[in-house]
>>> print(open('coords10.txt').read())   # compact mmCIF, C-alpha atoms and all ligand atoms
# COMPACT_ATOMS: atom_id res chain seq x y z
CA MET W 20 -50.96 -23.17 13.60
CA GLN W 21 -53.57 -21.36 11.55
CA ILE W 22 -53.13 -21.66 7.81
CA ASN W 23 -52.97 -17.90 7.33
CA GLN W 24 -50.17 -17.66 9.92
CA ALA W 25 -48.29 -20.45 8.18
CA LEU W 26 -48.67 -18.74 4.83
CA LYS W 27 -47.39 -15.46 6.21
CA LEU W 28 -44.40 -17.27 7.69
CA SER W 29 -43.75 -19.12 4.45
CA PHE W 30 -43.59 -15.92 2.40
CA LEU W 31 -40.91 -14.60 4.73
CA LEU W 32 -38.71 -17.63 4.21
CA PRO W 33 -36.94 -16.68 0.99
CA SER W 34 -35.87 -13.39 2.56
CA VAL W 35 -34.89 -14.85 5.91
CA TYR W 36 -32.68 -17.54 4.45
CA ALA W 37 -31.58 -15.91 1.24
CA GLN W 38 -28.02 -14.68 1.30
CA LEU W 39 -26.54 -12.69 -1.54
CA HIS W 40 -25.42 -15.49 -3.85
CA GLY W 41 -28.46 -17.63 -3.06
CA ALA W 42 -30.76 -14.69 -3.69
CA ALA W 43 -28.94 -13.78 -6.90
CA LYS W 44 -29.37 -17.31 -8.20
CA THR W 45 -33.00 -17.47 -7.19
CA ALA W 46 -33.54 -14.22 -9.06
CA GLY W 47 -31.95 -15.70 -12.20
CA LEU W 48 -28.31 -14.61 -12.09
CA LEU W 49 -25.41 -17.03 -12.21
CA TYR W 50 -23.60 -15.68 -9.16
CA PHE W 51 -22.90 -12.96 -6.65
CA GLY W 52 -19.20 -12.85 -5.85
CA THR W 53 -16.24 -10.97 -4.48
CA GLU W 54 -12.62 -10.19 -5.15
CA THR W 55 -10.30 -11.73 -2.61
CA GLU W 56 -6.59 -12.17 -1.95
CA SER W 57 -4.26 -14.31 0.13
CA VAL W 58 -3.60 -11.44 2.57
CA SER W 59 -6.93 -12.47 4.14
CA PHE W 60 -6.10 -16.18 4.50
CA GLY W 61 -5.31 -15.91 8.24
CA ASP W 62 -8.43 -13.88 8.97
CA ALA W 63 -10.90 -16.41 10.36
CA ALA W 64 -13.90 -14.05 10.49
CA TYR W 65 -13.32 -12.94 6.91
CA GLN W 66 -12.86 -16.49 5.64
CA ALA W 67 -16.00 -17.65 7.44
CA ALA W 68 -18.00 -14.88 5.79
CA LEU W 69 -16.40 -15.63 2.42
CA LYS W 70 -17.41 -19.24 2.36
CA GLY W 71 -20.00 -19.84 5.04
CA ASN W 72 -23.23 -18.05 4.32
CA ASP W 73 -24.05 -18.49 0.66
CA ASP W 74 -23.21 -14.83 0.16
CA PHE W 75 -20.40 -15.39 -2.34
CA GLY W 76 -20.68 -17.99 -5.06
CA GLN W 77 -17.80 -16.61 -7.08
CA ILE W 78 -14.36 -15.17 -6.36
CA THR W 79 -11.83 -13.15 -8.36
CA PRO W 80 -8.16 -12.89 -7.40
CA GLY W 81 -7.31 -9.23 -6.82
CA ASN W 82 -3.67 -9.43 -7.81
CA SER W 83 -2.23 -12.91 -7.93
CA MET W 84 -3.05 -13.76 -11.55
CA LYS W 85 -1.74 -10.49 -12.96
CA TRP W 86 1.36 -10.40 -15.14
CA ASP W 87 3.78 -9.22 -12.43
CA ALA W 88 2.68 -12.05 -10.16
CA ILE W 89 2.67 -14.76 -12.83
CA GLN W 90 5.69 -13.93 -15.00
CA PRO W 91 7.90 -11.49 -13.06
CA ALA W 92 10.92 -12.26 -15.27
CA PRO W 93 11.10 -13.57 -18.85
CA ASN W 94 9.90 -17.16 -18.92
CA THR W 95 9.87 -17.38 -15.12
CA PHE W 96 6.32 -18.37 -14.24
CA THR W 97 5.17 -18.38 -10.61
CA PHE W 98 1.72 -19.79 -10.08
CA THR W 99 1.79 -20.30 -6.31
CA ALA W 100 -0.30 -17.26 -5.33
CA GLY W 101 -2.76 -17.70 -8.16
CA ASP W 102 -3.11 -21.38 -7.39
CA ALA W 103 -3.99 -20.54 -3.79
CA ILE W 104 -7.00 -18.53 -4.97
CA ALA W 105 -7.98 -21.18 -7.51
CA ASP W 106 -7.75 -23.82 -4.76
CA LEU W 107 -9.85 -21.66 -2.42
CA ALA W 108 -12.56 -21.40 -5.09
CA ALA W 109 -12.53 -25.16 -5.53
CA THR W 110 -12.63 -25.79 -1.76
CA ASN W 111 -15.50 -23.35 -1.30
CA ASN W 112 -17.31 -24.57 -4.42
CA GLN W 113 -17.19 -21.06 -5.89
CA LEU W 114 -16.92 -20.02 -9.52
CA LEU W 115 -13.60 -18.44 -10.39
CA ARG W 116 -13.30 -15.31 -12.52
CA CYS W 117 -9.67 -15.13 -13.60
CA HIS W 118 -8.15 -11.63 -13.71
CA ASN W 119 -6.28 -10.52 -15.83
CA LEU W 120 -4.04 -11.36 -18.76
CA VAL W 121 -3.14 -8.03 -20.36
CA TRP W 122 -3.08 -4.72 -18.49
CA HIS W 123 -0.74 -1.75 -18.49
CA GLU W 124 -0.59 -1.81 -14.65
CA GLN W 125 1.14 -4.45 -12.56
CA LEU W 126 3.18 -5.16 -15.65
CA PRO W 127 6.86 -5.93 -14.97
CA ASP W 128 9.51 -3.52 -16.21
CA TRP W 129 10.96 -6.16 -18.47
CA VAL W 130 7.75 -5.96 -20.50
CA SER W 131 6.81 -2.27 -20.20
CA GLY W 132 10.40 -1.10 -20.70
CA GLY W 133 11.44 -3.65 -23.30
CA ASN W 134 12.82 -2.78 -26.72
CA TRP W 135 10.31 -4.69 -28.80
CA THR W 136 9.55 -5.31 -32.41
CA ALA W 137 6.01 -6.29 -33.39
CA ALA W 138 7.18 -9.89 -33.82
CA SER W 139 9.01 -10.14 -30.50
CA LEU W 140 6.22 -8.55 -28.45
CA THR W 141 3.63 -10.75 -30.15
CA GLN W 142 5.66 -13.79 -29.14
CA VAL W 143 5.90 -12.57 -25.53
CA LEU W 144 2.18 -11.82 -25.40
CA GLN W 145 1.24 -15.18 -26.86
CA ASN W 146 3.64 -17.03 -24.59
CA HIS W 147 2.32 -15.32 -21.46
CA ILE W 148 -1.32 -15.89 -22.29
CA THR W 149 -0.90 -19.44 -23.58
CA THR W 150 1.13 -20.49 -20.55
CA GLU W 151 -1.16 -18.89 -17.95
CA VAL W 152 -4.47 -19.85 -19.51
CA THR W 153 -3.25 -23.41 -20.07
CA HIS W 154 -2.18 -23.62 -16.42
CA TYR W 155 -5.67 -22.66 -15.25
CA LYS W 156 -7.51 -24.48 -18.04
CA GLY W 157 -10.86 -25.78 -16.84
CA LYS W 158 -10.78 -23.73 -13.63
CA CYS W 159 -11.84 -20.30 -14.85
CA TYR W 160 -15.48 -19.52 -15.54
CA ALA W 161 -14.16 -16.42 -17.27
CA TRP W 162 -10.92 -14.63 -18.08
CA ASP W 163 -10.54 -10.87 -18.15
CA VAL W 164 -8.34 -11.09 -21.24
CA VAL W 165 -7.74 -7.39 -21.76
CA ASN W 166 -8.22 -4.91 -18.93
CA GLU W 167 -8.63 -1.14 -19.26
CA ALA W 168 -7.35 -0.64 -22.81
CA LEU W 169 -9.16 2.68 -23.20
CA ASN W 170 -8.65 6.26 -22.11
CA ASP W 171 -11.64 8.19 -20.75
CA ASN W 172 -12.03 9.91 -24.13
CA GLY W 173 -12.41 6.57 -25.89
CA THR W 174 -8.97 6.46 -27.50
CA PHE W 175 -6.64 3.54 -26.86
CA GLY W 176 -4.20 3.92 -23.98
CA ASN W 177 -0.58 4.38 -24.97
CA ASP W 178 0.87 1.35 -23.24
CA VAL W 179 3.66 -0.82 -24.59
CA PHE W 180 1.21 -3.17 -26.28
CA PHE W 181 -0.65 -0.44 -28.18
CA ASN W 182 2.50 1.49 -28.99
CA VAL W 183 4.16 -1.52 -30.61
CA LEU W 184 1.21 -3.47 -32.00
CA GLY W 185 -1.66 -1.00 -32.27
CA SER W 186 -5.10 -2.39 -31.49
CA ASP W 187 -3.99 -5.72 -32.99
CA TYR W 188 -2.66 -6.62 -29.53
CA ILE W 189 -6.26 -7.09 -28.42
CA LYS W 190 -6.90 -9.53 -31.27
CA ILE W 191 -3.68 -11.40 -30.51
CA ALA W 192 -4.62 -11.67 -26.83
CA PHE W 193 -8.14 -12.98 -27.39
CA GLN W 194 -6.95 -15.44 -30.04
CA ALA W 195 -4.30 -16.86 -27.73
CA ALA W 196 -6.73 -17.16 -24.80
CA ALA W 197 -9.36 -18.87 -26.95
CA ALA W 198 -6.85 -21.40 -28.21
CA ALA W 199 -5.60 -22.22 -24.70
CA ASP W 200 -8.98 -22.71 -23.01
CA PRO W 201 -11.88 -22.83 -25.47
CA ALA W 202 -14.40 -23.30 -22.64
CA ALA W 203 -13.55 -20.16 -20.66
CA LYS W 204 -15.63 -17.06 -21.25
CA LEU W 205 -13.36 -14.35 -22.61
CA TYR W 206 -14.04 -10.81 -21.38
CA TYR W 207 -13.00 -7.25 -22.06
CA ASN W 208 -13.06 -5.44 -18.67
CA ASP W 209 -13.03 -1.69 -17.99
CA PHE W 210 -14.29 1.18 -15.83
CA GLY W 211 -16.07 4.35 -16.88
CA THR W 212 -17.96 2.26 -19.40
CA GLU W 213 -20.98 1.72 -17.11
CA PHE W 214 -22.97 4.51 -18.77
CA PRO W 215 -23.42 5.64 -22.38
CA GLY W 216 -20.65 7.89 -23.66
CA VAL W 217 -17.50 7.91 -25.73
CA LYS W 218 -15.72 5.31 -23.62
CA SER W 219 -18.66 2.92 -23.65
CA THR W 220 -18.96 3.39 -27.41
CA ALA W 221 -15.25 2.66 -27.80
CA ALA W 222 -15.62 -0.52 -25.74
CA GLN W 223 -18.44 -1.58 -28.03
CA GLY W 224 -15.97 -0.91 -30.84
CA ILE W 225 -13.59 -3.45 -29.32
CA VAL W 226 -16.36 -6.06 -29.28
CA LYS W 227 -17.21 -5.28 -32.91
CA MET W 228 -13.56 -5.34 -33.94
CA LEU W 229 -13.14 -8.85 -32.54
CA LYS W 230 -16.47 -10.13 -33.86
CA ASP W 231 -15.73 -8.72 -37.32
CA ALA W 232 -12.43 -10.61 -37.29
CA ASN W 233 -14.19 -13.82 -36.16
CA ILE W 234 -12.23 -13.76 -32.91
CA LYS W 235 -13.96 -15.13 -29.83
CA ILE W 236 -15.15 -12.62 -27.23
CA ASP W 237 -17.87 -13.76 -24.85
CA GLY W 238 -18.36 -10.96 -22.39
CA VAL W 239 -17.78 -7.42 -21.24
CA GLY W 240 -17.13 -6.55 -17.60
CA PHE W 241 -18.20 -3.25 -16.07
CA GLN W 242 -16.00 -2.64 -13.06
CA GLY W 243 -18.35 -0.30 -11.17
CA HIS W 244 -15.90 1.65 -9.00
CA PHE W 245 -18.44 4.33 -8.08
CA THR W 246 -18.71 7.15 -5.58
CA VAL W 247 -21.68 7.53 -3.24
CA GLY W 248 -24.38 9.50 -5.01
CA GLY W 249 -22.56 9.17 -8.33
CA THR W 250 -23.84 5.78 -9.39
CA PRO W 251 -25.62 5.73 -12.77
CA SER W 252 -29.35 5.02 -12.52
CA VAL W 253 -30.83 1.60 -13.18
CA ALA W 254 -32.20 2.78 -16.53
CA THR W 255 -28.84 4.25 -17.55
CA GLN W 256 -26.93 1.11 -16.66
CA VAL W 257 -29.49 -1.19 -18.30
CA THR W 258 -29.54 0.86 -21.50
CA ASN W 259 -25.77 0.81 -21.58
CA MET W 260 -25.42 -2.92 -20.91
CA GLU W 261 -28.07 -3.71 -23.52
CA ALA W 262 -25.97 -1.91 -26.13
CA PHE W 263 -23.33 -4.57 -25.45
CA THR W 264 -25.60 -7.61 -25.22
CA ALA W 265 -27.10 -6.54 -28.55
CA LEU W 266 -23.65 -7.26 -30.01
CA GLY W 267 -23.89 -10.87 -28.85
CA VAL W 268 -21.88 -10.85 -25.61
CA GLU W 269 -22.87 -11.43 -21.99
CA VAL W 270 -22.10 -8.75 -19.42
CA ALA W 271 -21.24 -8.65 -15.72
CA ILE W 272 -20.55 -6.14 -12.98
CA THR W 273 -17.01 -7.18 -12.13
CA GLU W 274 -15.48 -4.90 -9.46
CA LEU W 275 -18.28 -3.07 -7.67
CA ASP W 276 -17.44 -0.78 -4.78
CA ILE W 277 -18.90 2.60 -3.85
CA ARG W 278 -16.63 4.89 -1.89
CA MET W 279 -17.45 7.93 0.23
CA THR W 280 -15.60 10.83 1.80
CA LEU W 281 -14.68 9.98 5.37
CA PRO W 282 -15.87 10.16 8.06
CA GLN W 283 -18.94 8.25 6.99
CA THR W 284 -22.39 9.42 8.03
CA ASP W 285 -25.71 7.60 8.25
CA ALA W 286 -26.90 9.63 5.28
CA MET W 287 -23.94 8.50 3.17
CA LEU W 288 -24.43 4.88 4.22
CA ALA W 289 -28.11 5.16 3.24
CA GLN W 290 -27.17 6.62 -0.14
CA GLN W 291 -24.56 3.89 -0.57
CA LYS W 292 -27.26 1.28 0.08
CA THR W 293 -29.38 2.82 -2.67
CA ASP W 294 -26.39 2.89 -5.02
CA TYR W 295 -25.50 -0.77 -4.45
CA GLN W 296 -29.15 -1.72 -4.86
CA THR W 297 -29.29 0.28 -8.10
CA THR W 298 -26.35 -1.53 -9.65
CA ALA W 299 -27.48 -5.00 -8.56
CA ALA W 300 -30.98 -4.25 -9.86
CA ALA W 301 -29.54 -3.06 -13.17
CA CYS W 302 -27.75 -6.36 -13.67
CA LEU W 303 -30.88 -8.27 -12.74
CA ALA W 304 -32.94 -6.25 -15.21
CA THR W 305 -30.48 -6.84 -18.05
CA LYS W 306 -30.93 -10.05 -19.97
CA ASN W 307 -27.51 -11.71 -20.23
CA CYS W 308 -26.04 -9.89 -17.25
CA VAL W 309 -24.72 -12.97 -15.49
CA GLY W 310 -23.53 -11.72 -12.12
CA VAL W 311 -22.21 -9.07 -9.77
CA THR W 312 -18.78 -9.13 -8.13
CA VAL W 313 -17.75 -6.71 -5.38
CA TRP W 314 -14.10 -5.61 -5.20
CA ASP W 315 -13.86 -7.15 -1.82
CA PHE W 316 -16.76 -7.25 0.56
CA ASP W 317 -14.91 -6.14 3.70
CA ASP W 318 -13.53 -2.61 4.16
CA LYS W 319 -10.39 -4.02 5.77
CA TYR W 320 -9.11 -5.20 2.40
CA SER W 321 -10.37 -2.38 0.20
CA TRP W 322 -7.93 -0.81 -2.28
CA VAL W 323 -9.78 2.52 -1.96
CA PRO W 324 -8.22 4.32 1.06
CA SER W 325 -4.66 4.01 -0.21
CA THR W 326 -5.57 5.08 -3.73
CA PHE W 327 -8.02 7.85 -2.84
CA PRO W 328 -6.85 9.22 0.53
CA GLY W 329 -9.67 10.61 2.65
CA THR W 330 -12.22 8.25 1.15
CA GLY W 331 -13.22 4.70 2.06
CA SER W 332 -16.04 2.63 3.56
CA ALA W 333 -16.63 1.43 0.01
CA ASP W 334 -17.65 -2.17 0.69
CA ILE W 335 -20.80 -3.96 1.83
CA MET W 336 -19.34 -5.01 5.19
CA THR W 337 -17.23 -3.19 7.77
CA ALA W 338 -13.66 -4.12 8.64
CA ASN W 339 -15.02 -6.53 11.27
CA VAL W 340 -17.36 -8.26 8.82
CA THR W 341 -20.53 -6.52 10.01
CA LYS W 342 -23.14 -6.10 7.31
CA LYS W 343 -23.65 -2.47 6.28
CA PRO W 344 -26.89 -1.09 4.82
CA ALA W 345 -25.33 -1.63 1.39
CA TYR W 346 -25.43 -5.40 1.98
CA PHE W 347 -29.18 -5.19 2.38
CA GLY W 348 -29.49 -2.95 -0.64
CA VAL W 349 -28.05 -5.74 -2.78
CA LEU W 350 -30.23 -8.34 -1.07
CA GLN W 351 -33.32 -6.24 -1.66
CA ALA W 352 -32.45 -5.84 -5.33
CA PHE W 353 -32.26 -9.63 -5.68
CA THR W 354 -35.39 -10.36 -3.63
CA GLY W 355 -37.43 -7.69 -5.39
CA THR W 356 -38.22 -5.75 -2.25
CA ALA W 357 -38.43 -2.01 -1.79
CA ALA W 358 -35.46 -0.15 -0.33
CA ASN W 359 -37.41 1.09 2.69
CA SER W 360 -39.11 -2.19 3.66
CA THR W 361 -36.35 -3.29 6.01
CA THR W 362 -36.92 -4.45 9.56
CA THR W 363 -34.30 -5.92 11.85
CA MET W 364 -34.87 -9.32 13.41
CA PRO W 365 -33.53 -9.21 17.00
CA SER W 366 -32.80 -12.92 17.32
CA MET W 367 -30.41 -12.93 14.35
CA PRO W 368 -27.57 -10.42 14.70
CA ASN W 369 -26.75 -8.62 11.47
CA MET W 370 -29.69 -10.22 9.77
CA THR W 371 -32.34 -8.09 8.15
CA VAL W 372 -35.69 -9.52 7.18
CA THR W 373 -37.49 -7.98 4.27
CA ALA W 374 -41.07 -8.49 3.30
CA PRO W 375 -41.14 -9.67 -0.30
CA SER W 376 -43.12 -7.60 -2.70
CA LEU W 377 -44.72 -8.73 -5.92
CA ARG W 378 -44.83 -5.23 -7.32
CA ALA W 379 -42.23 -3.82 -9.62
CA SER W 380 -38.81 -3.59 -8.04
CA SER W 381 -36.64 -0.54 -8.38
CA SER W 382 -35.23 -2.08 -11.52
CA GLY W 383 -38.55 -1.64 -13.22
CA ALA W 384 -38.72 -5.41 -13.59
CA SER W 385 -41.30 -7.39 -11.67
CA ALA W 386 -40.00 -9.77 -9.02
CA LEU W 387 -41.82 -12.43 -11.00
CA ASP W 388 -39.82 -11.78 -14.14
CA LYS W 389 -37.21 -14.35 -13.14
CA PRO W 390 -38.33 -17.99 -12.99
CA GLY W 391 -36.27 -18.74 -9.88
CA MET W 392 -38.39 -16.33 -7.89
CA ILE W 393 -41.52 -18.24 -8.82
CA LEU W 394 -39.88 -21.49 -7.76
CA GLY W 395 -38.96 -19.92 -4.42
CA MET W 396 -42.55 -18.88 -3.80
CA LEU W 397 -43.82 -22.36 -4.69
CA LEU W 398 -41.34 -24.01 -2.33
CA SER W 399 -42.46 -21.66 0.41
CA LEU W 400 -46.07 -22.59 -0.22
CA ILE W 401 -45.27 -26.30 -0.04
CA PHE W 402 -43.40 -25.66 3.21
CA ALA W 403 -46.41 -23.84 4.62
CA MET W 404 -48.74 -26.71 3.70
CA PHE W 405 -46.29 -29.10 5.36
CA ILE W 406 -46.43 -27.06 8.59
CA VAL W 407 -50.22 -26.92 8.52
CA SER W 408 -50.54 -30.64 7.98
O1 LIG Q 501 3.13 -6.78 -3.67
C1 LIG Q 501 3.70 -5.54 -3.26
C2 LIG Q 501 4.51 -5.71 -2.02
O2 LIG Q 501 5.61 -6.54 -2.28
C3 LIG Q 501 4.98 -4.34 -1.54
O3 LIG Q 501 5.62 -4.46 -0.33
C4 LIG Q 501 3.79 -3.40 -1.36
C5 LIG Q 501 4.22 -2.01 -0.96
O4 LIG Q 501 3.29 -1.05 -1.39
O5 LIG Q 501 3.10 -3.32 -2.59
C6 LIG Q 501 2.61 -4.56 -3.04
O6 LIG Q 501 1.95 -4.37 -4.24
C7 LIG Q 501 0.67 -3.75 -4.18
C8 LIG Q 501 -0.34 -4.73 -4.78
O7 LIG Q 501 -1.61 -4.11 -4.86
C9 LIG Q 501 -0.48 -6.00 -3.95
O8 LIG Q 501 -0.91 -5.69 -2.68
C10 LIG Q 501 0.71 -2.49 -4.98
O9 LIG Q 501 1.53 -1.53 -4.31
C11 LIG Q 501 -0.69 -1.92 -5.15
O10 LIG Q 501 -0.65 -0.80 -6.04
C12 LIG Q 501 -1.58 -2.97 -5.71
O11 LIG Q 501 -2.89 -2.42 -5.80
C13 LIG Q 501 -3.78 -3.17 -6.60
C14 LIG Q 501 -4.22 -2.33 -7.80
O12 LIG Q 501 -5.18 -3.06 -8.54
C15 LIG Q 501 -3.07 -1.98 -8.73
O13 LIG Q 501 -3.51 -1.02 -9.63
C16 LIG Q 501 -4.99 -3.50 -5.74
O14 LIG Q 501 -4.60 -4.37 -4.68
C17 LIG Q 501 -6.05 -4.16 -6.62
O15 LIG Q 501 -7.23 -4.33 -5.85
C18 LIG Q 501 -6.35 -3.26 -7.82
O16 LIG Q 501 -7.32 -3.89 -8.61
C19 LIG Q 501 -7.71 -3.18 -9.79
C20 LIG Q 501 -8.13 -4.21 -10.82
O17 LIG Q 501 -7.13 -5.16 -11.00
C21 LIG Q 501 -8.49 -3.53 -12.14
N1 LIG Q 501 -9.47 -2.50 -11.96
C22 LIG Q 501 -9.18 -1.51 -10.92
C23 LIG Q 501 -8.87 -2.22 -9.59
C24 LIG Q 501 -8.65 -1.20 -8.49
O18 LIG Q 501 -7.51 -0.43 -8.76
>>> encode(input="coords10.txt", output="structure tokens")
Amino acid sequence: MQINQALKLSFLLPSVYAQLHGAAKTAGLLYFGTETESVSFGDAAYQAALKGNDDFGQITPGNSMKWDAIQPAPNTFTFTAGDAIADLAATNNQLLRCHNLVWHEQLPDWVSGGNWTAASLTQVLQNHITTEVTHYKGKCYAWDVVNEALNDNGTFGNDVFFNVLGSDYIKIAFQAAAAADPAAKLYYNDFGTEFPGVKSTAAQGIVKMLKDANIKIDGVGFQGHFTVGGTPSVATQVTNMEAFTALGVEVAITELDIRMTLPQTDAMLAQQKTDYQTTAAACLATKNCVGVTVWDFDDKYSWVPSTFPGTGSADIMTANVTKKPAYFGVLQAFTGTAANSTTTMPSMPNMTVTAPSLRASSSGASALDKPGMILGMLLSLIFAMFIVS
């Protein structure tokens, strides 16, 4: 083999073998992950994709760690479903993002409809959080401690916690979580906060409120439930996330999916690819954005069609685990390649090979900005020299 042929081959290697999580790590992130739930446990194709290809290095339970699943009746704790997801993460060697401790949805009636005083609700809140976080102590990379506390106009939502305790419930929740598992990263998680505006500013206010009170908060999650063509630009998302990291917290994209009006068209799938690539690139370009999680990777298990009838196809793979253009949009964001540099390799079904580029990626950040990328290139070079010799 001629040395120039070997070198050309070697530069293709990171793209050929990189899958989403592997590529994310090489680019400098901690993980690429997905939401999942036990409804998929009997689905062999789904499970193989979840664990087999280095696409998903992190999982989040969609429902089974929420209040109604964990404590459906006062002091009746049921960890079976949550444990199944925690066990799956351990078996697959995946990081676990634990979701969530306090949310106005999927909250049992005994809590939302209770006749509480500040003291009695504080005790219930502390008991729930202490018991659940202690149960999963050491297993959660992060906890979404408080989920969706804000209205779109930046005011606090009028749920039972706010109505009885005011914004102090957020302090109580983070304090209890920190005491129960000091090593877990504690997050505030919300949607509609992915771009500058009143809701994002209010979420920054929550971070400041906790920091000012010397209460531990480590991160802010941006859910990223977008619509095709409606995804904020890379610059918008980076500017927004940097407003949070400037406050001393890490950030993550925690629930990314990008829905479209059905039936899908090639044009919408192409736009969806751009939108996924945009969001992945924004995380990559933001110092202290640690990872991207999709809110399931397979359209079969998407929450979207039942919640927004007439829309769907929101995930990066079809209902039979075929990679959609969006999959390659994410991969291209992590490998620093241009959106239109995709060619299909016939010998590997569903596999797209992209020619790496050393020029600025769509994020505005050079592919060489992240040290892992340099390491990947060096390893490829060594491999090429090995072939030649
Ligand atoms: O468990 C019951 C089952 O017993 C019953 O037979 C069935 C009948 O509808 O409902 C089942 O509960 C459903 C639950 O998912 C578990 O499948 C609820 O109806 C359904 O509303 C619930 O949807 C979840 C939704 O949160 C609730 O708002 C979705 O699966 C879950 O993906 C979604 O996740 C949220 C995040 O936690 C927070 N951010 C937004 C995101 C999307 O809504």
>>> closest_atom_pairs(input="coords10.txt", of="chain W", to="ligand LIG 501 (chain Q)", cutoff="9 Å", atoms="all atoms listed in the file", output="tab-separated table")
residue	atom	partner	partner_atom	distance
W:Glu54	CA	Q:LIG501	O15	8.0
W:Thr55	CA	Q:LIG501	O15	8.6
W:Glu56	CA	Q:LIG501	O14	8.5
W:Val58	CA	Q:LIG501	O8	8.2
W:Pro80	CA	Q:LIG501	O17	8.6
W:Gly81	CA	Q:LIG501	O15	5.0
W:Asn82	CA	Q:LIG501	C17	5.9
W:Ser83	CA	Q:LIG501	C9	8.2
W:Lys85	CA	Q:LIG501	O17	7.8
W:Ala88	CA	Q:LIG501	O1	8.4
W:His118	CA	Q:LIG501	O17	7.1
W:Asn119	CA	Q:LIG501	O17	7.3
W:Trp122	CA	Q:LIG501	C21	8.4
W:Glu124	CA	Q:LIG501	O13	5.9
W:Gln125	CA	Q:LIG501	C15	6.2
W:Asn166	CA	Q:LIG501	C21	6.9
W:Glu167	CA	Q:LIG501	N1	7.5
W:Asn208	CA	Q:LIG501	N1	8.2
W:Asp209	CA	Q:LIG501	N1	7.0
W:Phe210	CA	Q:LIG501	N1	7.2
W:Gln242	CA	Q:LIG501	N1	6.6
W:His244	CA	Q:LIG501	C22	7.7
W:Thr273	CA	Q:LIG501	N1	8.9
W:Glu274	CA	Q:LIG501	N1	6.9
W:Trp314	CA	Q:LIG501	O15	7.0
W:Asp315	CA	Q:LIG501	O15	8.3
W:Tyr320	CA	Q:LIG501	O14	8.4
W:Ser321	CA	Q:LIG501	O15	7.1
W:Trp322	CA	Q:LIG501	O15	5.1
W:Val323	CA	Q:LIG501	C24	7.6
W:Ser325	CA	Q:LIG501	O10	8.6
W:Thr326	CA	Q:LIG501	O18	7.7
>>> write_last_selection(input="coords10.txt", atoms="C-alpha atoms", output="tab-separated table (two decimals), in the frame of the given file")
chain	number	residue	atom	x	y	z
W	54	GLU	CA	-12.62	-10.19	-5.15
W	55	THR	CA	-10.30	-11.73	-2.61
W	56	GLU	CA	-6.59	-12.17	-1.95
W	58	VAL	CA	-3.60	-11.44	2.57
W	80	PRO	CA	-8.16	-12.89	-7.40
W	81	GLY	CA	-7.31	-9.23	-6.82
W	82	ASN	CA	-3.67	-9.43	-7.81
W	83	SER	CA	-2.23	-12.91	-7.93
W	85	LYS	CA	-1.74	-10.49	-12.96
W	88	ALA	CA	2.68	-12.05	-10.16
W	118	HIS	CA	-8.15	-11.63	-13.71
W	119	ASN	CA	-6.28	-10.52	-15.83
W	122	TRP	CA	-3.08	-4.72	-18.49
W	124	GLU	CA	-0.59	-1.81	-14.65
W	125	GLN	CA	1.14	-4.45	-12.56
W	166	ASN	CA	-8.22	-4.91	-18.93
W	167	GLU	CA	-8.63	-1.14	-19.26
W	208	ASN	CA	-13.06	-5.44	-18.67
W	209	ASP	CA	-13.03	-1.69	-17.99
W	210	PHE	CA	-14.29	1.18	-15.83
W	242	GLN	CA	-16.00	-2.64	-13.06
W	244	HIS	CA	-15.90	1.65	-9.00
W	273	THR	CA	-17.01	-7.18	-12.13
W	274	GLU	CA	-15.48	-4.90	-9.46
W	314	TRP	CA	-14.10	-5.61	-5.20
W	315	ASP	CA	-13.86	-7.15	-1.82
W	320	TYR	CA	-9.11	-5.20	2.40
W	321	SER	CA	-10.37	-2.38	0.20
W	322	TRP	CA	-7.93	-0.81	-2.28
W	323	VAL	CA	-9.78	2.52	-1.96
W	325	SER	CA	-4.66	4.01	-0.21
W	326	THR	CA	-5.57	5.08	-3.73
>>> closest_residue(input="coords10.txt", among="W:Ser186, W:Thr297, W:Asn72, W:Gln291", to="W:Gly41", atoms="only C-alpha atoms")
W:Asn72
>>> atom_distance(input="coords10.txt", atom1="atom CA of W:Val152", atom2="atom CA of W:Leu229")
19.1 Å
>>> residues_around(input="coords10.txt", residues="W:Thr136", least_positions_apart="5", cutoff="10 Å", atoms="only C-alpha atoms", output="VMD selection string")
chain W and resid 141 to 142 183 to 184
>>> write_last_selection(input="coords10.txt", atoms="C-alpha atoms", output="mmCIF file, in the frame of the given file")
data_model
loop_
_atom_site.group_PDB
_atom_site.id
_atom_site.type_symbol
_atom_site.label_atom_id
_atom_site.label_comp_id
_atom_site.auth_asym_id
_atom_site.auth_seq_id
_atom_site.Cartn_x
_atom_site.Cartn_y
_atom_site.Cartn_z
ATOM 1 C CA THR W 141 3.630 -10.750 -30.150
ATOM 2 C CA GLN W 142 5.660 -13.790 -29.140
ATOM 3 C CA VAL W 183 4.160 -1.520 -30.610
ATOM 4 C CA LEU W 184 1.210 -3.470 -32.000
#
>>> residues_near_point(input="coords10.txt", point="(-31.8, -1.1, -22.6)", cutoff="12 Å", atoms="all atoms listed in the file", output="ChimeraX atom specification")
/W:214-215,253-265,301-302,304-308,382-383
>>> closest_residue(input="coords10.txt", among="W:Ile104, W:Ile225, W:Gln38, W:Phe193", to="W:Ser59", atoms="only C-alpha atoms")
W:Ile104
>>> atom_distance(input="coords10.txt", atom1="atom CA of W:Ala67", atom2="atom CA of W:Ser332")
20.6 Å
>>> atom_distance(input="coords10.txt", atom1="atom CA of W:Ala289", atom2="atom CA of W:Ala352")
14.6 Å
>>> closest_residue(input="coords10.txt", among="W:Thr337, W:Thr53, W:Asn94, W:Gln296", to="W:Ile148", atoms="all atoms listed in the file")
W:Asn94
